[in-house]
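Student: So that you have it, the file is final_32.txt, and it contains compact mmCIF, C-alpha atoms:
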```txt
# COMPACT_ATOMS: atom_id res chain seq x y z
CA MET A 108 174.76 98.57 180.77
CA ASN A 109 174.92 101.84 178.90
CA ASP A 110 177.96 104.08 179.33
CA GLY A 111 176.74 106.75 176.91
CA LYS A 112 178.66 105.47 173.87
CA VAL A 113 178.34 101.70 174.01
CA ILE A 114 175.60 99.36 175.13
CA ARG A 115 176.96 96.25 176.81
CA LEU A 116 174.88 93.12 177.19
CA ASN A 117 175.84 90.28 179.48
CA LEU A 118 174.89 87.01 177.82
CA PRO A 119 175.10 83.72 179.69
CA VAL A 120 177.30 80.94 178.31
CA LEU A 121 175.46 78.53 176.00
CA THR A 122 174.59 75.15 177.46
CA GLU A 123 174.99 71.95 175.47
CA GLU A 124 171.21 71.61 175.19
CA ARG A 125 170.83 75.15 173.83
CA ARG A 126 173.64 74.54 171.33
CA HIS A 127 171.77 71.52 169.95
CA GLU A 128 168.58 73.60 169.68
CA LEU A 129 170.47 76.27 167.74
CA VAL A 130 171.94 73.64 165.41
CA LYS A 131 168.42 72.37 164.70
CA ILE A 132 167.38 75.94 163.86
CA VAL A 133 170.36 76.28 161.51
CA HIS A 134 169.37 73.03 159.74
CA THR A 135 165.79 74.24 159.43
CA ARG A 136 166.86 77.57 157.95
CA ALA A 137 169.24 75.86 155.54
CA GLU A 138 166.45 73.57 154.33
CA GLU A 139 164.16 76.58 153.88
CA CYS A 140 166.88 78.20 151.79
CA ARG A 141 167.31 75.07 149.65
CA ILE A 142 163.55 74.96 149.07
CA ALA A 143 163.54 78.64 148.07
CA VAL A 144 166.37 78.03 145.58
CA ARG A 145 164.52 75.07 144.07
CA ASN A 146 161.33 77.13 143.80
CA VAL A 147 163.19 79.85 141.92
CA ARG A 148 164.66 77.19 139.62
CA ARG A 149 161.19 75.76 138.97
CA ASP A 150 159.81 79.21 138.12
CA LEU A 151 162.70 79.98 135.79
CA LEU A 152 162.34 76.63 134.03
CA LYS A 153 158.65 77.34 133.51
CA ASP A 154 159.48 80.78 132.07
CA MET A 155 162.13 79.33 129.75
CA ARG A 156 159.73 76.66 128.51
CA ASP A 157 157.09 79.34 127.89
CA PHE A 158 159.64 81.35 125.90
CA GLU A 159 160.46 78.28 123.83
CA HIS A 160 156.77 77.58 123.30
CA GLU A 161 156.26 81.17 122.10
CA LYS A 162 159.28 80.75 119.77
CA MET A 163 161.28 83.45 121.58
CA ILE A 164 164.15 80.97 122.06
CA SER A 165 165.11 77.76 120.28
CA GLU A 166 165.12 74.23 121.70
CA ASP A 167 168.92 74.30 121.82
CA GLU A 168 168.89 77.53 123.81
CA LEU A 169 166.31 75.99 126.14
CA GLU A 170 168.48 72.92 126.76
CA THR A 171 171.58 75.06 127.29
CA GLY A 172 169.67 77.32 129.66
CA GLU A 173 168.31 74.36 131.63
CA GLU A 174 171.82 72.91 132.02
CA GLU A 175 173.28 76.24 133.14
CA LEU A 176 170.40 76.79 135.54
CA GLN A 177 170.94 73.34 137.07
CA LYS A 178 174.67 73.99 137.48
CA LEU A 179 173.97 77.33 139.15
CA THR A 180 171.34 75.77 141.41
CA ASP A 181 173.76 73.01 142.45
CA LYS A 182 176.47 75.59 143.17
CA ILE A 183 174.17 77.70 145.34
CA ILE A 184 172.91 74.69 147.28
CA GLU A 185 176.52 73.62 147.92
CA GLU A 186 177.23 77.12 149.26
CA VAL A 187 174.21 76.91 151.54
CA ASP A 188 175.39 73.52 152.81
CA GLY A 189 178.88 74.91 153.40
CA HIS A 190 177.58 77.88 155.35
CA SER A 191 175.31 75.61 157.35
CA GLN A 192 178.17 73.28 158.29
CA LYS A 193 180.40 76.22 159.19
CA LYS A 194 177.70 77.73 161.41
CA GLU A 195 177.06 74.37 163.06
CA LYS A 196 180.76 74.07 163.84
CA ASP A 197 180.81 77.61 165.26
CA ILE A 198 177.81 76.94 167.48
CA MET A 199 179.15 73.64 168.82
CA GLU A 200 182.57 75.14 169.57
CA VAL A 201 183.06 75.63 173.30
```
For this file, produce the structure as structure tokens.
Tutor:
Amino acid sequence: MNDGKVIRLNLPVLTEERRHELVKIVHTRAEECRIAVRNVRRDLLKDMRDFEHEKMISEDELETGEEELQKLTDKIIEEVDGHSQKKEKDIMEV
């Protein structure tokens, strides 16, 4: 319905089956996000190792960078998991 200022859509109530389908989609998207984060980590590790090989950074800086990158990756993956669980709870709520 369109009243000139606002468009109103009537959406049917979600069934239990549809809720489970949406949860599966959320899990799939979360896994895709985790994979993307790990791919970025892999690329950055490769770049850092190249920098160390070209003597642009020292071995100590490389090790420190790898540790910080791993901590950041773990933090982001935890955030993704948290958002995924929150969304799952929202979807399953009646």
Student: For Asp154 of chain A, which residue among A:Glu173, A:Asp181, A:Glu186, A:Asp167 is the nearest when counting all atoms listed in the file?
Tutor: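 Smallest separation from Asp154 of chain A among the options: A:Glu173.
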Student: Using only C-alpha atoms, which of A:Ile164, A:Met108, A:Val130, A:Leu116 sits nearest Lys193 of chain A?
Tutor: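 For Lys193 of chain A, the nearest of the candidates is A:Val130.
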Student: Do you have the atom CA of Arg148 of chain A-atom CA of Leu179 of chain A distance handy?
Tutor: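 For atom CA of Arg148 of chain A relative to atom CA of Leu179 of chain A, the distance reads 9.3 Å.
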Student: Out of A:Val144, A:Glu185, A:Leu152, A:Pro119, which residue has the shortest atom-to-atom distance to Gly172 of chain A when counting only C-alpha atoms?
Tutor: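 Distance minimum relative to Gly172 of chain A lands on A:Leu152.
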Student: List as a PDB file with C-alpha atoms, keeping the file's coordinate frame the protein and nucleic acid residues near Arg126 of chain A, meaning an atom at most 12 Å away when only C-alpha atoms are counted, but skip any in the same chain fewer than 2 places from it.
Tutor:
```
ATOM      1  CA  VAL A 120     177.300  80.940 178.310  1.00  0.00           C
ATOM      2  CA  LEU A 121     175.460  78.530 176.000  1.00  0.00           C
ATOM      3  CA  THR A 122     174.590  75.150 177.460  1.00  0.00           C
ATOM      4  CA  GLU A 123     174.990  71.950 175.470  1.00  0.00           C
ATOM      5  CA  GLU A 124     171.210  71.610 175.190  1.00  0.00           C
ATOM      6  CA  GLU A 128     168.580  73.600 169.680  1.00  0.00           C
ATOM      7  CA  LEU A 129     170.470  76.270 167.740  1.00  0.00           C
ATOM      8  CA  VAL A 130     171.940  73.640 165.410  1.00  0.00           C
ATOM      9  CA  LYS A 131     168.420  72.370 164.700  1.00  0.00           C
ATOM     10  CA  ILE A 132     167.380  75.940 163.860  1.00  0.00           C
ATOM     11  CA  VAL A 133     170.360  76.280 161.510  1.00  0.00           C
ATOM     12  CA  LYS A 194     177.700  77.730 161.410  1.00  0.00           C
ATOM     13  CA  GLU A 195     177.060  74.370 163.060  1.00  0.00           C
ATOM     14  CA  LYS A 196     180.760  74.070 163.840  1.00  0.00           C
ATOM     15  CA  ASP A 197     180.810  77.610 165.260  1.00  0.00           C
ATOM     16  CA  ILE A 198     177.810  76.940 167.480  1.00  0.00           C
ATOM     17  CA  MET A 199     179.150  73.640 168.820  1.00  0.00           C
ATOM     18  CA  GLU A 200     182.570  75.140 169.570  1.00  0.00           C
ATOM     19  CA  VAL A 201     183.060  75.630 173.300  1.00  0.00           C
TER      20      VAL A 201
END
```
Student: Give me, please, the distance in Å between atom CA of Ala137 of chain A and atom CA of Leu118 of chain A, quoted to one decimal.
Tutor: 25.5 Å
Student: So what do you get for atom CA of Glu174 of chain A versus atom CA of Gly189 of chain A, distance-wise?
Tutor: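 Going from atom CA of Glu174 of chain A over to atom CA of Gly189 of chain A, I get 22.6 Å.
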Student: Considering all atoms listed in the file, can you say which of A:Leu169, A:Leu176, A:Cys140, A:Met155 comes closest to Ser191 of chain A?
Tutor: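 Looking at the shortest contact to Ser191 of chain A, the residue is A:Cys140.
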Student: Quick one: of A:Gln192, A:Val187, A:Gln177, A:Asn117, who's nearest to Arg149 of chain A, counting all atoms listed in the file?
Tutor: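 Looking only at the distances to Arg149 of chain A, the closest residue turns out to be A:Gln177.
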Student: Taking into account only C-alpha atoms, which residue in the set A:Glu168, A:Glu159, A:Asp110, A:Asp188 is nearest to Arg141 of chain A?
Tutor: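 Selected residue with least distance to Arg141 of chain A: A:Asp188.
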Student: Is it possible to add all heavy atoms to segment 123-134 of chain A and hand it back as a compact mmCIF listing (two decimals), keeping the file's coordinate frame?
Tutor:
```txt
# COMPACT_ATOMS: atom_id res chain seq x y z
N GLU A 123 174.95 72.96 176.52
CA GLU A 123 174.99 71.95 175.47
C GLU A 123 173.60 71.76 174.84
O GLU A 123 173.47 71.64 173.61
CB GLU A 123 175.50 70.62 176.04
CG GLU A 123 175.79 69.57 175.00
CD GLU A 123 177.02 69.87 174.17
OE1 GLU A 123 177.87 70.67 174.61
OE2 GLU A 123 177.12 69.32 173.07
N GLU A 124 172.58 71.77 175.68
CA GLU A 124 171.21 71.61 175.19
C GLU A 124 170.83 72.76 174.27
O GLU A 124 170.25 72.56 173.19
CB GLU A 124 170.26 71.55 176.38
CG GLU A 124 168.81 71.34 176.00
CD GLU A 124 167.91 71.27 177.23
OE1 GLU A 124 168.25 70.52 178.17
OE2 GLU A 124 166.89 71.96 177.21
N ARG A 125 171.16 73.98 174.65
CA ARG A 125 170.83 75.15 173.83
C ARG A 125 171.61 75.13 172.51
O ARG A 125 171.09 75.52 171.47
CB ARG A 125 171.14 76.44 174.62
CG ARG A 125 170.80 77.69 173.88
CD ARG A 125 169.31 77.83 173.64
NE ARG A 125 169.07 79.08 172.92
CZ ARG A 125 168.10 79.26 172.05
NH1 ARG A 125 167.22 78.31 171.83
NH2 ARG A 125 167.97 80.40 171.43
N ARG A 126 172.84 74.66 172.56
CA ARG A 126 173.64 74.54 171.33
C ARG A 126 172.96 73.60 170.34
O ARG A 126 172.89 73.89 169.15
CB ARG A 126 175.05 74.03 171.64
CG ARG A 126 175.92 75.03 172.35
CD ARG A 126 177.27 74.39 172.68
NE ARG A 126 177.98 75.14 173.68
CZ ARG A 126 178.77 76.17 173.42
NH1 ARG A 126 178.94 76.56 172.18
NH2 ARG A 126 179.38 76.80 174.38
N HIS A 127 172.45 72.48 170.83
CA HIS A 127 171.77 71.52 169.95
C HIS A 127 170.49 72.13 169.38
O HIS A 127 170.15 71.90 168.22
CB HIS A 127 171.46 70.22 170.70
CG HIS A 127 172.67 69.39 170.96
ND1 HIS A 127 173.41 68.80 169.96
CD2 HIS A 127 173.29 69.05 172.12
CE1 HIS A 127 174.42 68.14 170.48
NE2 HIS A 127 174.38 68.28 171.81
N GLU A 128 169.78 72.91 170.18
CA GLU A 128 168.58 73.60 169.68
C GLU A 128 168.95 74.58 168.57
O GLU A 128 168.25 74.66 167.55
CB GLU A 128 167.89 74.34 170.82
CG GLU A 128 167.23 73.44 171.85
CD GLU A 128 166.67 74.23 173.03
OE1 GLU A 128 166.58 75.47 172.94
OE2 GLU A 128 166.34 73.60 174.05
N LEU A 129 170.03 75.32 168.76
CA LEU A 129 170.47 76.27 167.74
C LEU A 129 170.90 75.57 166.47
O LEU A 129 170.65 76.06 165.36
CB LEU A 129 171.60 77.15 168.29
CG LEU A 129 171.20 78.14 169.38
CD1 LEU A 129 172.43 78.84 169.94
CD2 LEU A 129 170.21 79.17 168.85
N VAL A 130 171.54 74.41 166.59
CA VAL A 130 171.94 73.64 165.41
C VAL A 130 170.70 73.19 164.64
O VAL A 130 170.67 73.24 163.41
CB VAL A 130 172.84 72.45 165.81
CG1 VAL A 130 173.01 71.47 164.66
CG2 VAL A 130 174.18 72.94 166.30
N LYS A 131 169.66 72.77 165.36
CA LYS A 131 168.42 72.37 164.70
C LYS A 131 167.81 73.56 163.94
O LYS A 131 167.30 73.40 162.82
CB LYS A 131 167.41 71.85 165.72
CG LYS A 131 167.74 70.48 166.26
CD LYS A 131 166.71 70.03 167.26
CE LYS A 131 167.09 68.71 167.90
NZ LYS A 131 166.14 68.29 168.92
N ILE A 132 167.89 74.74 164.53
CA ILE A 132 167.38 75.94 163.86
C ILE A 132 168.19 76.23 162.60
O ILE A 132 167.63 76.57 161.55
CB ILE A 132 167.40 77.15 164.83
CG1 ILE A 132 166.37 76.94 165.95
CG2 ILE A 132 167.13 78.44 164.09
CD1 ILE A 132 166.46 77.94 167.08
N VAL A 133 169.50 76.07 162.68
CA VAL A 133 170.36 76.28 161.51
C VAL A 133 169.98 75.30 160.40
O VAL A 133 169.85 75.69 159.23
CB VAL A 133 171.85 76.13 161.88
CG1 VAL A 133 172.73 76.05 160.64
CG2 VAL A 133 172.29 77.28 162.77
N HIS A 134 169.75 74.03 160.75
CA HIS A 134 169.37 73.03 159.74
C HIS A 134 168.02 73.39 159.12
O HIS A 134 167.83 73.25 157.90
CB HIS A 134 169.31 71.63 160.35
CG HIS A 134 170.65 71.06 160.66
ND1 HIS A 134 171.57 70.73 159.69
CD2 HIS A 134 171.24 70.77 161.84
CE1 HIS A 134 172.66 70.26 160.26
NE2 HIS A 134 172.49 70.27 161.58
```
